[in-house]
$ cat protein_0.txt   # compact mmCIF, C-alpha atoms and all ligand atoms
# COMPACT_ATOMS: atom_id res chain seq x y z
CA MET A 1 41.51 22.92 -59.27
CA GLU A 2 38.57 21.54 -61.22
CA LEU A 3 38.13 18.08 -62.64
CA ASN A 4 37.42 18.67 -66.33
CA ARG A 5 35.92 15.30 -67.05
CA LYS A 6 33.19 12.94 -65.95
CA LEU A 7 33.90 10.46 -63.18
CA ASN A 8 34.66 7.01 -64.58
CA MET A 9 32.46 4.37 -63.01
CA GLY A 10 32.97 0.61 -62.91
CA MET A 11 30.39 -1.93 -61.82
CA VAL A 12 30.52 -5.40 -60.31
CA GLY A 13 27.19 -7.26 -60.56
CA GLY A 14 24.19 -6.07 -62.53
CA GLY A 15 24.34 -8.75 -65.22
CA PRO A 16 21.47 -9.79 -67.52
CA GLY A 17 18.20 -9.97 -65.56
CA ALA A 18 19.68 -8.46 -62.38
CA PHE A 19 17.62 -5.91 -60.49
CA ILE A 20 19.59 -3.26 -58.69
CA GLY A 21 22.68 -2.95 -60.90
CA ASP A 22 20.46 -1.56 -63.64
CA VAL A 23 18.95 0.96 -61.22
CA HIS A 24 22.48 2.10 -60.29
CA ARG A 25 23.41 2.49 -63.95
CA LYS A 26 20.38 4.65 -64.70
CA ALA A 27 20.50 6.71 -61.51
CA SER A 28 24.22 7.43 -61.69
CA ARG A 29 23.73 8.97 -65.18
CA LEU A 30 20.90 11.28 -64.16
CA ASP A 31 23.04 14.35 -63.50
CA GLY A 32 25.54 13.86 -66.33
CA GLY A 33 28.67 13.75 -64.18
CA ILE A 34 29.31 10.00 -64.17
CA GLU A 35 29.99 7.59 -67.03
CA LEU A 36 30.02 3.80 -66.80
CA VAL A 37 33.19 2.64 -68.55
CA ALA A 38 33.95 -0.84 -67.20
CA GLY A 39 32.42 -3.80 -65.44
CA ALA A 40 32.47 -7.41 -64.31
CA PHE A 41 28.73 -7.73 -64.48
CA ASP A 42 27.93 -11.33 -63.78
CA ILE A 43 29.19 -14.36 -61.86
CA ASN A 44 29.22 -16.03 -65.27
CA PRO A 45 31.97 -14.42 -67.43
CA ARG A 46 30.02 -15.07 -70.65
CA LYS A 47 27.03 -13.18 -69.30
CA SER A 48 29.30 -10.36 -68.16
CA LYS A 49 30.49 -9.96 -71.77
CA GLN A 50 26.89 -10.11 -73.01
CA MET A 51 25.95 -7.28 -70.61
CA GLY A 52 28.92 -5.23 -71.77
CA ARG A 53 27.77 -5.60 -75.38
CA GLU A 54 24.20 -4.61 -74.49
CA LEU A 55 25.55 -1.52 -72.76
CA GLY A 56 27.78 -0.65 -75.73
CA LEU A 57 30.97 -0.67 -73.64
CA ASN A 58 34.47 -1.07 -75.01
CA PRO A 59 34.93 -4.89 -74.91
CA ARG A 60 38.43 -4.45 -73.47
CA ARG A 61 36.86 -2.89 -70.37
CA VAL A 62 34.37 -5.73 -69.80
CA TYR A 63 35.88 -8.36 -67.57
CA GLY A 64 35.17 -12.00 -66.72
CA THR A 65 35.86 -11.51 -63.00
CA TYR A 66 36.25 -8.61 -60.60
CA GLU A 67 39.81 -9.70 -59.83
CA GLN A 68 40.72 -9.26 -63.52
CA MET A 69 39.00 -5.88 -63.44
CA VAL A 70 41.15 -4.63 -60.53
CA GLU A 71 44.33 -5.86 -62.15
CA ARG A 72 43.69 -4.53 -65.66
CA GLU A 73 42.15 -1.21 -64.65
CA LEU A 74 45.28 -0.45 -62.61
CA LYS A 75 47.37 -0.80 -65.76
CA LEU A 76 45.46 1.99 -67.55
CA PRO A 77 46.54 5.65 -67.35
CA GLU A 78 45.00 7.34 -64.30
CA SER A 79 42.68 9.61 -66.31
CA GLU A 80 41.20 6.61 -68.18
CA ARG A 81 40.85 4.02 -65.45
CA ILE A 82 37.77 3.87 -63.25
CA ASP A 83 37.59 6.35 -60.37
CA PHE A 84 35.15 4.22 -58.40
CA VAL A 85 33.34 0.91 -58.49
CA SER A 86 29.71 0.17 -57.61
CA VAL A 87 29.22 -3.21 -55.93
CA THR A 88 25.76 -4.58 -56.79
CA THR A 89 26.24 -8.32 -56.22
CA PRO A 90 24.53 -10.51 -53.59
CA ASN A 91 25.65 -9.84 -50.02
CA ASN A 92 28.36 -12.52 -49.66
CA TRP A 93 30.49 -10.77 -52.30
CA HIS A 94 30.32 -7.21 -50.96
CA PHE A 95 33.28 -7.46 -48.60
CA PRO A 96 35.90 -9.16 -50.80
CA ILE A 97 35.05 -6.92 -53.75
CA ALA A 98 34.99 -3.66 -51.75
CA ARG A 99 38.23 -4.67 -50.00
CA ASP A 100 40.12 -5.45 -53.20
CA PHE A 101 39.08 -2.22 -54.94
CA LEU A 102 39.84 -0.07 -51.87
CA GLU A 103 43.25 -1.71 -51.48
CA ALA A 104 43.93 -0.96 -55.15
CA GLY A 105 43.11 2.73 -54.52
CA PHE A 106 39.60 2.98 -55.98
CA HIS A 107 36.61 4.66 -54.31
CA VAL A 108 33.63 2.38 -53.63
CA MET A 109 29.84 2.61 -53.67
CA CYS A 110 28.42 -0.57 -52.14
CA GLU A 111 24.98 -2.09 -51.82
CA LYS A 112 23.47 -2.95 -48.45
CA PRO A 113 23.66 -4.89 -46.20
CA MET A 114 27.29 -3.80 -46.27
CA THR A 115 28.92 -7.16 -45.53
CA PHE A 116 28.17 -10.73 -44.55
CA ASN A 117 28.80 -10.28 -40.81
CA VAL A 118 30.03 -7.82 -38.15
CA LYS A 119 33.65 -8.92 -38.39
CA GLU A 120 33.81 -8.06 -42.08
CA ALA A 121 32.07 -4.75 -41.37
CA LYS A 122 34.66 -3.80 -38.75
CA ASP A 123 37.51 -4.84 -41.04
CA LEU A 124 36.01 -2.77 -43.84
CA GLN A 125 35.69 0.26 -41.58
CA LYS A 126 39.40 0.04 -40.73
CA LEU A 127 40.28 -0.41 -44.37
CA VAL A 128 38.25 2.61 -45.52
CA LYS A 129 40.06 4.76 -42.95
CA LYS A 130 43.48 3.44 -43.91
CA SER A 131 42.87 3.69 -47.66
CA ARG A 132 41.61 7.32 -47.42
CA ARG A 133 39.13 6.49 -50.16
CA VAL A 134 35.45 7.49 -50.28
CA PHE A 135 33.02 4.73 -49.34
CA GLY A 136 29.28 5.13 -49.99
CA LEU A 137 26.59 2.69 -48.92
CA MET A 138 23.39 2.55 -50.97
CA HIS A 139 20.75 3.00 -48.31
CA ASN A 140 18.68 4.69 -51.00
CA TYR A 141 15.79 5.73 -48.75
CA THR A 142 18.01 8.41 -47.20
CA GLY A 143 18.15 9.97 -50.68
CA TYR A 144 14.52 11.16 -50.72
CA PRO A 145 14.09 14.92 -50.24
CA MET A 146 11.19 14.45 -47.81
CA VAL A 147 13.33 12.08 -45.70
CA LYS A 148 16.01 14.77 -45.59
CA LEU A 149 13.36 17.29 -44.56
CA ALA A 150 12.14 14.85 -41.86
CA ARG A 151 15.73 14.48 -40.67
CA ASP A 152 16.25 18.25 -40.49
CA LEU A 153 12.95 18.79 -38.65
CA ALA A 154 13.51 15.93 -36.18
CA ARG A 155 17.16 16.68 -35.48
CA GLY A 156 16.46 20.43 -35.42
CA GLY A 157 14.14 19.95 -32.43
CA GLU A 158 10.86 20.69 -34.22
CA LEU A 159 9.18 17.61 -32.70
CA GLY A 160 10.53 18.18 -29.20
CA LYS A 161 12.17 15.25 -27.46
CA ILE A 162 11.51 12.07 -29.44
CA ARG A 163 9.51 9.48 -27.51
CA LYS A 164 8.50 6.80 -29.96
CA ILE A 165 9.47 5.52 -33.43
CA VAL A 166 7.37 3.07 -35.41
CA VAL A 167 8.91 1.79 -38.64
CA GLN A 168 7.72 -0.95 -40.95
CA TYR A 169 8.82 -2.63 -44.18
CA PRO A 170 6.25 -5.21 -45.27
CA GLN A 171 6.46 -6.94 -48.67
CA GLY A 172 4.47 -9.95 -49.91
CA TRP A 173 6.55 -11.31 -52.79
CA LEU A 174 8.06 -14.25 -50.83
CA SER A 175 4.76 -15.53 -49.42
CA THR A 176 5.19 -18.66 -51.58
CA PRO A 177 8.42 -20.72 -52.08
CA LEU A 178 9.37 -18.57 -55.08
CA GLU A 179 13.04 -19.56 -54.68
CA ARG A 180 12.15 -23.12 -55.79
CA THR A 181 11.07 -21.81 -59.19
CA GLY A 182 14.64 -20.60 -59.80
CA GLN A 183 13.66 -16.92 -59.54
CA MET A 184 17.07 -15.29 -59.30
CA GLN A 185 16.41 -12.60 -56.67
CA ALA A 186 14.52 -15.04 -54.41
CA ALA A 187 17.13 -17.83 -54.79
CA TRP A 188 20.11 -16.03 -53.27
CA ARG A 189 18.06 -14.04 -50.72
CA THR A 190 16.86 -17.28 -49.08
CA ASP A 191 20.29 -18.97 -49.16
CA PRO A 192 22.27 -18.42 -45.93
CA LYS A 193 25.57 -18.77 -47.82
CA GLN A 194 24.78 -15.77 -50.03
CA SER A 195 22.40 -13.69 -47.94
CA GLY A 196 23.99 -14.00 -44.48
CA GLY A 197 22.53 -14.95 -41.10
CA ALA A 198 19.24 -13.17 -41.68
CA GLY A 199 16.82 -13.24 -44.61
CA CYS A 200 14.08 -10.64 -44.53
CA MET A 201 15.61 -8.74 -41.60
CA GLY A 202 18.94 -8.40 -43.41
CA ASP A 203 17.38 -7.59 -46.75
CA ILE A 204 14.80 -4.99 -45.75
CA GLY A 205 14.81 -4.78 -41.93
CA THR A 206 18.16 -3.00 -42.29
CA HIS A 207 16.50 -0.29 -44.42
CA ALA A 208 13.98 0.30 -41.61
CA GLU A 209 16.76 0.40 -38.99
CA ASN A 210 18.81 2.80 -41.11
CA LEU A 211 15.85 5.09 -41.80
CA SER A 212 14.98 5.38 -38.10
CA GLU A 213 18.55 6.32 -37.16
CA TYR A 214 19.08 8.61 -40.16
CA ILE A 215 15.98 10.71 -39.49
CA THR A 216 16.29 10.96 -35.72
CA GLY A 217 20.07 10.87 -35.19
CA LEU A 218 19.34 8.42 -32.35
CA LYS A 219 20.92 4.99 -31.98
CA ILE A 220 19.17 1.74 -31.15
CA THR A 221 20.82 0.34 -28.01
CA HIS A 222 18.68 -2.73 -27.23
CA LEU A 223 16.08 -4.79 -28.98
CA CYS A 224 13.74 -7.71 -28.49
CA ALA A 225 13.23 -9.62 -31.74
CA ASP A 226 10.99 -12.44 -32.88
CA LEU A 227 11.93 -13.85 -36.30
CA THR A 228 9.84 -16.48 -38.07
CA THR A 229 10.10 -18.55 -41.21
CA PHE A 230 6.58 -19.13 -42.47
CA VAL A 231 7.28 -20.79 -45.83
CA LYS A 232 8.07 -24.47 -45.31
CA GLY A 233 11.62 -25.50 -46.19
CA ARG A 234 12.91 -21.91 -46.35
CA ARG A 235 16.21 -21.59 -44.51
CA LEU A 236 16.04 -17.94 -43.41
CA ASP A 237 13.46 -15.71 -41.73
CA ASP A 238 10.72 -14.28 -43.91
CA ASP A 239 9.06 -12.20 -41.18
CA GLY A 240 10.25 -10.37 -38.08
CA ASN A 241 8.97 -8.10 -35.32
CA CYS A 242 11.21 -6.10 -32.98
CA LEU A 243 10.75 -3.85 -29.98
CA LEU A 244 13.44 -1.16 -29.85
CA ARG A 245 15.09 1.03 -27.23
CA PHE A 246 16.96 4.13 -28.34
CA ASN A 247 19.83 5.96 -26.63
CA ASN A 248 17.69 8.96 -25.56
CA GLY A 249 15.15 6.71 -23.84
CA ALA A 250 12.78 6.61 -26.83
CA ARG A 251 11.00 3.35 -27.54
CA GLY A 252 10.19 1.83 -30.91
CA VAL A 253 8.62 -0.91 -32.96
CA LEU A 254 10.16 -2.23 -36.19
CA HIS A 255 8.59 -4.89 -38.34
CA ALA A 256 9.71 -6.28 -41.66
CA SER A 257 8.08 -9.02 -43.65
CA GLN A 258 8.23 -10.70 -47.04
CA ILE A 259 5.10 -12.82 -46.51
CA SER A 260 2.62 -9.98 -45.93
CA ILE A 261 0.36 -10.82 -48.84
CA GLY A 262 -0.57 -7.93 -51.07
CA GLU A 263 2.09 -5.59 -49.69
CA GLU A 264 4.52 -4.18 -52.26
CA ASN A 265 7.25 -1.98 -50.73
CA ASN A 266 5.32 -0.47 -47.87
CA LEU A 267 8.24 1.09 -46.01
CA ALA A 268 6.85 3.76 -43.69
CA ILE A 269 7.89 5.56 -40.54
CA TRP A 270 6.12 7.43 -37.73
CA ILE A 271 8.12 9.53 -35.27
CA TYR A 272 6.41 10.93 -32.19
CA GLY A 273 8.01 13.73 -30.17
CA GLU A 274 6.78 15.55 -27.08
CA GLU A 275 5.40 18.35 -29.29
CA LYS A 276 4.82 17.09 -32.85
CA ALA A 277 4.90 13.92 -34.91
CA LEU A 278 6.12 13.01 -38.43
CA GLU A 279 4.94 10.41 -40.90
CA TRP A 280 6.50 9.36 -44.25
CA HIS A 281 5.53 6.61 -46.70
CA GLN A 282 7.94 5.29 -49.32
CA GLU A 283 5.07 4.49 -51.70
CA HIS A 284 3.97 8.17 -51.53
CA PRO A 285 7.38 9.74 -51.06
CA ASN A 286 6.65 13.30 -52.19
CA TYR A 287 4.70 14.08 -49.02
CA LEU A 288 5.71 14.42 -45.39
CA TYR A 289 2.97 14.63 -42.77
CA VAL A 290 3.45 16.68 -39.61
CA ARG A 291 0.94 16.21 -36.80
CA VAL A 292 0.31 18.66 -33.96
CA PRO A 293 -1.76 18.00 -30.81
CA ASP A 294 -4.76 20.19 -31.53
CA GLY A 295 -4.69 21.31 -35.15
CA PRO A 296 -5.09 19.92 -38.65
CA VAL A 297 -2.43 17.63 -40.12
CA GLN A 298 0.17 19.54 -42.16
CA VAL A 299 1.16 18.07 -45.51
CA TRP A 300 4.58 19.23 -46.74
CA CYS A 301 4.87 18.74 -50.52
CA ARG A 302 8.17 18.13 -52.31
CA GLY A 303 9.34 20.73 -54.81
CA ASN A 304 7.96 23.80 -53.03
CA ASP A 305 10.31 26.60 -51.99
CA TYR A 306 9.32 26.23 -48.34
CA VAL A 307 10.84 22.73 -48.31
CA GLY A 308 14.26 23.90 -49.55
CA ALA A 309 14.10 26.93 -47.24
CA THR A 310 13.60 24.64 -44.22
CA SER A 311 15.96 21.90 -45.39
CA PRO A 312 18.73 22.87 -47.85
CA ALA A 313 19.57 19.15 -48.15
CA ALA A 314 16.02 18.47 -49.37
CA GLY A 315 16.26 21.41 -51.80
CA ARG A 316 19.54 20.07 -53.19
CA ALA A 317 17.94 16.63 -53.62
CA THR A 318 15.08 17.98 -55.77
CA ARG A 319 15.11 18.19 -59.57
CA LEU A 320 11.49 18.71 -60.63
CA PRO A 321 8.91 21.32 -59.62
CA SER A 322 6.14 20.34 -57.20
CA GLY A 323 3.45 18.03 -58.54
CA HIS A 324 5.79 16.13 -60.89
CA PRO A 325 6.56 13.09 -58.74
CA GLU A 326 10.13 12.04 -58.01
CA ALA A 327 10.95 8.74 -56.38
CA PHE A 328 13.18 5.65 -56.52
CA PHE A 329 15.62 6.53 -59.33
CA GLU A 330 16.02 10.08 -58.09
CA ALA A 331 16.78 8.90 -54.54
CA PHE A 332 19.58 6.67 -55.85
CA ALA A 333 20.78 9.58 -57.99
CA ASN A 334 20.88 11.84 -54.93
CA ASN A 335 23.18 9.46 -53.11
CA TYR A 336 25.31 9.23 -56.27
CA CYS A 337 25.37 13.01 -56.62
CA ASN A 338 26.70 13.56 -53.08
CA PHE A 339 29.08 10.61 -53.29
CA ALA A 340 30.44 11.83 -56.66
CA ASP A 341 30.96 15.39 -55.37
CA THR A 342 32.92 13.95 -52.45
CA VAL A 343 35.02 11.79 -54.80
CA ARG A 344 35.66 14.85 -57.04
CA ALA A 345 36.78 16.83 -53.99
CA ARG A 346 39.15 14.02 -53.06
CA LEU A 347 40.57 13.89 -56.60
CA THR A 348 41.09 17.65 -56.75
CA ARG A 349 42.36 17.86 -53.15
CA THR A 350 39.61 20.28 -52.19
CA LYS A 351 37.07 20.23 -49.38
CA PRO A 352 33.65 18.83 -50.28
CA ALA A 353 30.65 21.09 -49.62
CA PRO A 354 29.11 20.04 -46.26
CA LEU A 355 25.86 19.01 -47.99
CA ALA A 356 27.80 16.69 -50.32
CA LEU A 357 28.76 14.57 -47.31
CA ASP A 358 25.12 13.63 -46.80
CA PHE A 359 25.18 10.00 -47.98
CA PRO A 360 25.34 6.76 -45.97
CA ASN A 361 28.84 5.48 -45.30
CA VAL A 362 30.81 2.67 -43.70
CA LYS A 363 29.65 3.62 -40.18
CA ASP A 364 26.02 3.21 -41.24
CA GLY A 365 26.96 -0.13 -42.79
CA LEU A 366 28.44 -1.32 -39.50
CA ARG A 367 25.25 -0.23 -37.68
CA GLY A 368 23.23 -2.37 -40.10
CA MET A 369 25.41 -5.40 -39.48
CA LEU A 370 25.22 -4.88 -35.69
CA PHE A 371 21.43 -4.67 -36.06
CA ILE A 372 21.33 -8.02 -37.89
CA GLU A 373 23.65 -9.62 -35.32
CA THR A 374 21.55 -8.34 -32.40
CA VAL A 375 18.27 -9.41 -33.99
CA LEU A 376 19.64 -12.93 -34.52
CA ALA A 377 20.96 -13.12 -30.95
CA SER A 378 17.70 -11.79 -29.52
CA THR A 379 15.48 -14.18 -31.42
CA LYS A 380 17.42 -17.12 -29.95
CA SER A 381 17.63 -15.62 -26.46
CA LYS A 382 15.19 -16.11 -23.59
CA GLN A 383 16.08 -12.67 -22.21
CA LYS A 384 13.73 -9.83 -22.99
CA TRP A 385 16.37 -7.29 -24.11
CA THR A 386 19.56 -7.85 -26.09
CA ALA A 387 22.14 -5.05 -26.22
CA PHE A 388 24.00 -4.02 -29.37
CA ARG A 389 27.66 -5.03 -29.23
CA LYS A 390 30.00 -1.99 -28.99
P1 LIG B 1 20.27 -9.91 -58.50
O1 LIG B 1 20.24 -11.38 -58.22
O2 LIG B 1 19.17 -9.32 -59.31
O3 LIG B 1 21.64 -9.53 -59.24
C1 LIG B 1 22.90 -9.91 -58.75
C2 LIG B 1 23.92 -9.83 -59.88
O4 LIG B 1 25.23 -9.97 -59.34
C3 LIG B 1 23.77 -10.93 -60.94
O5 LIG B 1 23.93 -10.38 -62.22
C4 LIG B 1 24.90 -11.88 -60.62
O6 LIG B 1 25.36 -12.65 -61.71
C5 LIG B 1 25.95 -10.88 -60.18
N1 LIG B 1 27.06 -11.47 -59.41
C6 LIG B 1 27.00 -12.36 -58.38
N2 LIG B 1 28.24 -12.62 -57.92
C7 LIG B 1 29.10 -11.90 -58.69
C8 LIG B 1 30.51 -11.76 -58.73
N3 LIG B 1 31.30 -12.39 -57.86
N4 LIG B 1 31.03 -10.96 -59.67
C9 LIG B 1 30.27 -10.30 -60.57
N5 LIG B 1 28.93 -10.37 -60.58
C10 LIG B 1 28.35 -11.17 -59.65
O7 LIG B 1 20.38 -9.20 -57.09
P2 LIG B 1 19.77 -7.78 -56.69
O8 LIG B 1 18.36 -7.94 -56.28
O9 LIG B 1 20.11 -6.79 -57.75
O10 LIG B 1 20.61 -7.49 -55.35
C11 LIG B 1 21.99 -7.21 -55.41
C12 LIG B 1 22.43 -6.45 -54.15
O11 LIG B 1 21.71 -5.23 -54.08
C13 LIG B 1 22.13 -7.17 -52.85
O12 LIG B 1 23.16 -6.95 -51.93
C14 LIG B 1 20.85 -6.56 -52.35
O13 LIG B 1 20.72 -6.58 -50.94
C15 LIG B 1 20.99 -5.16 -52.86
N6 LIG B 1 19.70 -4.50 -53.15
C16 LIG B 1 19.48 -3.26 -52.67
C17 LIG B 1 18.30 -2.60 -52.94
C18 LIG B 1 18.10 -1.21 -52.43
O14 LIG B 1 16.96 -0.76 -52.42
N7 LIG B 1 19.13 -0.51 -52.03
C19 LIG B 1 17.30 -3.23 -53.70
C20 LIG B 1 17.57 -4.49 -54.19
C21 LIG B 1 18.77 -5.12 -53.92
$ encode --input "protein_0.txt" --output "structure tokens"
Amino acid sequence: MELNRKLNMGMVGGGPGAFIGDVHRKASRLDGGIELVAGAFDINPRKSKQMGRELGLNPRRVYGTYEQMVERELKLPESERIDFVSVTTPNNWHFPIARDFLEAGFHVMCEKPMTFNVKEAKDLQKLVKKSRRVFGLMHNYTGYPMVKLARDLARGGELGKIRKIVVQYPQGWLSTPLERTGQMQAAWRTDPKQSGGAGCMGDIGTHAENLSEYITGLKITHLCADLTTFVKGRRLDDDGNCLLRFNNGARGVLHASQISIGEENNLAIWIYGEEKALEWHQEHPNYLYVRVPDGPVQVWCRGNDYVGATSPAAGRATRLPSGHPEAFFEAFANNYCNFADTVRARLTRTKPAPLALDFPNVKDGLRGMLFIETVLASTKSKQKWTAFRK
């Protein structure tokens, strides 16, 4: 059975001036299989309506609150109502919104970090299982073709046994008290009631943690963290450094910062095995570097046939020929593409293609929340190593 229509998407968050909701709207449209039909776009109902008008949506499908959206969408015929909702609000809202939509029978795509704390993450995991709905988590860096290639090389044994992982995410945009100017993205990120227990480590450290586990298939078991708040009066960390231990004995270093002046989004990872090493930079995402002990560095370039031949997942995640750069929007679109294929399979009671299941899910979200919890415990502890809770 085929689904002879686009998937109907709803959105919570992404009101006027918001950052990531707009990226979701653009990326989800890239392949033509998803249409935004409804939303509760802003914490302020008036601004939600304004956003709906700007997007040219049917005013009856633009809601003042997400609770209204759940209630009224359920009253529509099944083929008209949303199939899934994208949650693009600040972190404190992710759990209640995802929970209410899952309980009402909708599939969910949620921003990271998945919840506010580990308890909510565990509750959400149970709920996803019980609801039998598809849950995607927008760890967008897993959507890059060269990250998928790195994953297939590393997990396929090309590097030999992995010994060391170095991963960094420095930014500089919070090196002054920007939140005191009223800047919207800075204001909630530095507020413990909206952001959660961690600032920088929750916001971008979780991307570094997720990337290291996604590429290698290894799990961090212990860490030793040192979080700092450099900007006076700020209530959450704006810089952090961690030593890591992985479950195969590998060691690692992870640092994330929002006060590293001049840095933009310098997420990068180095993975060293017994035989070869890998290197990938988010700001130059079309290239993957492979190092060997006694030969020149190999540069694998996105869009070439040899990439898709080595990693079908990378081939599937590529739209343009080599030399025409693809990046942030496309990576979001790749997660949407796989998520949407899995939702379509669920709606048509068919099996999704194995490659369609390649998008972060509720388990990855729980790992992120355990990472935050362990980093916070470690930074307060006098012990050298703090173990992840089971
Ligand atoms: P933002 O401040 O730019 O936008 C948040 C929007 O959510 C605003 O329009 C706000 O009015 C709305 N909102 C808040 N509470 C709401 C509610 N209860 N109902 C409806 N709308 C509500 O924030 P942002 O920078 O876009 O971040 C949003 C989320 O996306 C965060 O969880 C953040 O961690 C995540 N994020 C992820 C990435 C990524 O690369 N994956 C990048 C940026 C942000």
$ residues_near_ligand --input "protein_0.txt" --ligand "ligand LIG 1 (chain B)" --cutoff "9 Å" --atoms "all atoms listed in the file" --output "number ranges by chain"
A: 11-23, 39-45, 47-48, 64-67, 87-94, 97, 110-115, 137-141, 183-189, 195, 202-204, 207, 328, 332
$ closest_residue --input "protein_0.txt" --among "A:Arg245, A:Val37, A:Pro170, A:Met109" --to "Gly56 in chain A" --atoms "all atoms listed in the file"
A:Val37
$ residues_around --input "protein_0.txt" --residues "Ala345 in chain A" --least-positions-apart "4" --cutoff "12 Å" --atoms "all atoms listed in the file" --output "VMD selection string"
chain A and resid 1 to 3 7 133 to 134 338 to 341 349 to 354 356 to 357
$ atom_distance --input "protein_0.txt" --atom1 "CA of Ser260 in chain A" --atom2 "CA of Gln168 in chain A"
11.5 Å
$ residues_around --input "protein_0.txt" --residues "range 274-288 of chain A" --least-positions-apart "6" --cutoff "9 Å" --atoms "only C-alpha atoms" --output "ChimeraX atom specification"
/A:141,144-147,149-150,153-154,158-163,264-268,298-303,322-323,325-328
$ closest_residue --input "protein_0.txt" --among "A:Lys49, A:Arg29, A:Lys6, A:His24" --to "Val85 in chain A" --atoms "all atoms listed in the file"
A:His24
$ residues_around --input "protein_0.txt" --residues "Glu80 in chain A" --least-positions-apart "3" --cutoff "9 Å" --atoms "all atoms listed in the file" --output "list in words"
Asn8, Val37, Glu73, Leu76, Pro77 and Asp83 of chain A
$ write_last_selection --input "protein_0.txt" --atoms "C-alpha atoms" --output "mmCIF file, in the frame of the given file"
data_model
loop_
_atom_site.group_PDB
_atom_site.id
_atom_site.type_symbol
_atom_site.label_atom_id
_atom_site.label_comp_id
_atom_site.auth_asym_id
_atom_site.auth_seq_id
_atom_site.Cartn_x
_atom_site.Cartn_y
_atom_site.Cartn_z
ATOM 1 C CA ASN A 8 34.660 7.010 -64.580
ATOM 2 C CA VAL A 37 33.190 2.640 -68.550
ATOM 3 C CA GLU A 73 42.150 -1.210 -64.650
ATOM 4 C CA LEU A 76 45.460 1.990 -67.550
ATOM 5 C CA PRO A 77 46.540 5.650 -67.350
ATOM 6 C CA ASP A 83 37.590 6.350 -60.370
#
$ closest_residue --input "protein_0.txt" --among "A:Leu254, A:Leu30, A:Arg99, A:Leu218" --to "Lys122 in chain A" --atoms "only C-alpha atoms"
A:Arg99
$ atom_distance --input "protein_0.txt" --atom1 "CA of Ser175 in chain A" --atom2 "CA of Arg234 in chain A"
10.8 Å
$ atom_distance --input "protein_0.txt" --atom1 "CA of His255 in chain A" --atom2 "CA of Gln125 in chain A"
27.8 Å
$ closest_residue --input "protein_0.txt" --among "A:Ser28, A:Ser381, A:Gln68, A:Ser131" --to "Ser86 in chain A" --atoms "all atoms listed in the file"
A:Ser28
$ build_atoms --input "protein_0.txt" --residues "range 329-341 of chain A" --atoms "N, CA and C atoms" --output "mmCIF file, keeping the file's coordinate frame"
data_model
loop_
_atom_site.group_PDB
_atom_site.id
_atom_site.type_symbol
_atom_site.label_atom_id
_atom_site.label_comp_id
_atom_site.auth_asym_id
_atom_site.auth_seq_id
_atom_site.Cartn_x
_atom_site.Cartn_y
_atom_site.Cartn_z
ATOM 1 N N PHE A 329 14.392 6.223 -58.566
ATOM 2 C CA PHE A 329 15.620 6.530 -59.330
ATOM 3 C C PHE A 329 16.284 7.796 -58.806
ATOM 4 N N GLU A 330 15.460 8.810 -58.541
ATOM 5 C CA GLU A 330 16.020 10.080 -58.090
ATOM 6 C C GLU A 330 16.719 9.939 -56.735
ATOM 7 N N ALA A 331 16.154 9.086 -55.859
ATOM 8 C CA ALA A 331 16.780 8.900 -54.540
ATOM 9 C C ALA A 331 18.158 8.256 -54.693
ATOM 10 N N PHE A 332 18.252 7.253 -55.564
ATOM 11 C CA PHE A 332 19.580 6.670 -55.850
ATOM 12 C C PHE A 332 20.502 7.752 -56.417
ATOM 13 N N ALA A 333 19.961 8.538 -57.345
ATOM 14 C CA ALA A 333 20.780 9.580 -57.990
ATOM 15 C C ALA A 333 21.263 10.596 -56.952
ATOM 16 N N ASN A 334 20.453 10.885 -55.950
ATOM 17 C CA ASN A 334 20.880 11.840 -54.930
ATOM 18 C C ASN A 334 22.061 11.318 -54.126
ATOM 19 N N ASN A 335 22.021 10.021 -53.800
ATOM 20 C CA ASN A 335 23.180 9.460 -53.110
ATOM 21 C C ASN A 335 24.399 9.470 -54.032
ATOM 22 N N TYR A 336 24.189 9.172 -55.318
ATOM 23 C CA TYR A 336 25.310 9.230 -56.270
ATOM 24 C C TYR A 336 25.859 10.652 -56.393
ATOM 25 N N CYS A 337 24.962 11.621 -56.434
ATOM 26 C CA CYS A 337 25.370 13.010 -56.620
ATOM 27 C C CYS A 337 26.300 13.447 -55.471
ATOM 28 N N ASN A 338 25.884 13.149 -54.234
ATOM 29 C CA ASN A 338 26.700 13.560 -53.080
ATOM 30 C C ASN A 338 28.001 12.755 -53.017
ATOM 31 N N PHE A 339 27.892 11.465 -53.269
ATOM 32 C CA PHE A 339 29.080 10.610 -53.290
ATOM 33 C C PHE A 339 30.074 11.108 -54.346
ATOM 34 N N ALA A 340 29.556 11.412 -55.548
ATOM 35 C CA ALA A 340 30.440 11.830 -56.660
ATOM 36 C C ALA A 340 31.088 13.180 -56.346
ATOM 37 N N ASP A 341 30.353 14.106 -55.740
ATOM 38 C CA ASP A 341 30.960 15.390 -55.370
ATOM 39 C C ASP A 341 32.087 15.192 -54.365
#
